[in-house]
file target_39.tsv (TSV, C-alpha atoms and all ligand atoms)
chain	number	residue	atom	x	y	z
A	1196	MET	CA	146.07	99.25	112.33
A	1197	PRO	CA	142.73	97.41	112.05
A	1198	PRO	CA	142.41	94.56	109.59
A	1199	LYS	CA	141.43	95.62	106.12
A	1200	ARG	CA	137.70	95.49	105.64
A	1201	GLY	CA	138.13	94.81	101.97
A	1202	SER	CA	138.45	91.09	102.55
A	1203	VAL	CA	134.78	90.66	103.41
A	1204	PHE	CA	133.79	91.72	99.95
A	1205	ASN	CA	135.25	88.53	98.59
A	1206	SER	CA	132.79	86.40	100.50
A	1207	GLY	CA	129.86	87.37	98.33
A	1208	SER	CA	127.37	90.13	97.80
A	1209	LYS	CA	125.52	89.71	101.08
A	1210	VAL	CA	127.88	92.03	102.98
A	1211	ASP	CA	127.86	94.58	100.19
A	1212	ARG	CA	124.12	94.52	100.30
A	1213	ARG	CA	124.05	95.12	104.03
A	1214	LEU	CA	126.41	98.08	103.75
A	1215	GLU	CA	124.29	99.49	100.99
A	1216	LEU	CA	121.17	99.10	103.10
A	1217	LYS	CA	122.84	100.77	106.05
A	1218	LYS	CA	123.82	103.68	103.86
A	1219	ILE	CA	120.33	104.03	102.46
A	1220	PHE	CA	118.83	103.80	105.93
A	1221	SER	CA	121.01	106.61	107.26
A	1222	ILE	CA	120.23	108.77	104.25
A	1223	ILE	CA	116.50	108.40	104.84
A	1224	ASP	CA	116.80	108.88	108.61
A	1225	LEU	CA	116.99	112.64	108.23
A	1226	ASP	CA	116.90	113.53	111.91
A	1227	LYS	CA	119.26	110.66	112.81
A	1228	SER	CA	116.78	109.31	115.34
A	1229	GLY	CA	117.58	105.72	114.40
A	1230	THR	CA	114.14	105.15	112.92
A	1231	ILE	CA	112.47	106.23	109.70
A	1232	SER	CA	109.14	108.02	109.71
A	1233	LEU	CA	106.73	108.19	106.81
A	1234	THR	CA	107.51	111.89	106.50
A	1235	GLU	CA	111.20	111.16	106.12
A	1236	LEU	CA	110.63	108.38	103.63
A	1237	THR	CA	108.30	110.52	101.56
A	1238	SER	CA	110.55	113.56	101.40
A	1239	VAL	CA	113.71	111.58	100.69
A	1240	LEU	CA	112.07	109.52	97.96
A	1241	THR	CA	110.59	112.62	96.41
A	1242	ALA	CA	114.00	114.29	96.33
A	1243	ASN	CA	116.01	111.25	95.20
A	1244	PRO	CA	114.90	109.42	92.05
A	1245	ASN	CA	117.71	106.91	92.57
A	1246	LEU	CA	116.36	105.84	95.92
A	1247	LYS	CA	112.91	105.69	94.45
A	1248	GLN	CA	114.24	103.08	92.06
A	1249	PHE	CA	115.62	101.11	94.98
A	1250	PHE	CA	112.11	100.77	96.44
A	1251	GLU	CA	110.33	100.35	93.13
A	1252	HIS	CA	109.91	96.59	93.61
A	1253	ARG	CA	107.71	97.35	96.62
A	1254	ASN	CA	105.40	99.55	94.66
A	1255	ALA	CA	102.28	97.47	94.39
A	1256	SER	CA	100.91	96.55	90.97
A	1257	GLY	CA	102.92	99.16	89.07
A	1258	SER	CA	100.52	101.87	90.08
A	1259	ALA	CA	101.51	105.45	90.86
A	1260	PHE	CA	104.48	105.63	93.18
A	1261	ASP	CA	103.12	105.53	96.71
A	1262	PRO	CA	105.54	106.06	99.62
A	1263	SER	CA	102.93	105.17	102.23
A	1264	SER	CA	102.29	101.70	100.83
A	1265	ILE	CA	106.04	101.15	100.66
A	1266	PHE	CA	106.32	102.36	104.24
A	1267	ASP	CA	103.58	100.00	105.39
A	1268	SER	CA	105.22	97.05	103.72
A	1269	ILE	CA	108.48	97.67	105.61
A	1270	ASP	CA	106.94	98.69	108.96
A	1271	SER	CA	106.24	95.11	109.95
A	1272	ASN	CA	104.97	95.83	113.49
A	1273	HIS	CA	102.94	98.84	112.28
A	1274	ASP	CA	104.05	101.23	114.98
A	1275	GLY	CA	104.47	104.04	112.48
A	1276	SER	CA	108.24	103.98	112.30
A	1277	ILE	CA	110.79	101.83	110.53
A	1278	SER	CA	113.65	100.58	112.66
A	1279	TRP	CA	116.95	99.39	111.26
A	1280	ASP	CA	115.93	95.82	112.10
A	1281	GLU	CA	112.71	96.10	110.14
A	1282	PHE	CA	114.49	97.73	107.24
A	1283	GLN	CA	117.26	95.20	107.19
A	1284	VAL	CA	114.95	92.20	107.41
A	1285	SER	CA	112.58	93.52	104.78
A	1286	GLU	CA	115.30	94.13	102.20
A	1287	SER	CA	117.64	91.23	102.77
A	1301	CA	CA	108.07	99.74	113.09

call {"tool": "encode", "arguments": {"input": "target_39.tsv", "output": "structure tokens"}}
result
Amino acid sequence: MPPKRGSVFNSGSKVDRRLELKKIFSIIDLDKSGTISLTELTSVLTANPNLKQFFEHRNASGSAFDPSSIFDSIDSNHDGSISWDEFQVSES
């Protein structure tokens, strides 16, 4: 039997945060390609108000919700897709 994972939760919120991010990433990665496209981000955010809230802090200047500006701010090497590394770094 593997060691209980529950113990890591006692070490602070950092691990919780990472698990949450991983979950969100896999929800947005609709085709499970391991990267997020703007199309995926847009359709998932449109369908999930809760996730929209998660990204709200990236929405520049409180203007109308704009998935493409959020996408650009996470896609740090601007290759048109968001990798787990980029996602993780941008939100941690
Ligand atoms: Ca990228």

call {"tool": "residues_near_ligand", "arguments": {"input": "target_39.tsv", "ligand": "ligand CA 1301 (chain A)", "cutoff": "6 Å", "atoms": "only C-alpha atoms and all ligand atoms", "output": "list in words"}}
result
Asp1270, Ser1271, Asn1272, His1273, Asp1274, Gly1275, Ser1276, Ile1277 and Ser1278 of chain A

call {"tool": "atom_distance", "arguments": {"input": "target_39.tsv", "atom1": "atom CA of A:Ala1242", "atom2": "atom CA of A:Pro1262"}}
result
12.3 Å

call {"tool": "atom_distance", "arguments": {"input": "target_39.tsv", "atom1": "atom CA of A:Glu1281", "atom2": "atom CA of A:Ile1269"}}
result
6.4 Å

call {"tool": "residues_around", "arguments": {"input": "target_39.tsv", "residues": "stretch 1216-1227 of chain A", "least_positions_apart": "3", "cutoff": "9 Å", "atoms": "all atoms listed in the file", "output": "ChimeraX atom specification"}}
result
/A:1211-1213,1230-1232,1235-1236,1238-1240,1246,1279,1282-1283,1286-1287

call {"tool": "atom_distance", "arguments": {"input": "target_39.tsv", "atom1": "atom CA of A:Val1210", "atom2": "atom CA of A:Asp1261"}}
result
28.9 Å

call {"tool": "closest_residue", "arguments": {"input": "target_39.tsv", "among": "A:Ser1268, A:Glu1215, A:Ser1208, A:Gly1229", "to": "A:Phe1249", "atoms": "all atoms listed in the file"}}
result
A:Glu1215

call {"tool": "closest_residue", "arguments": {"input": "target_39.tsv", "among": "A:Asp1267, A:Phe1260, A:Asn1245, A:Leu1233", "to": "A:Ser1285", "atoms": "all atoms listed in the file"}}
result
A:Asp1267
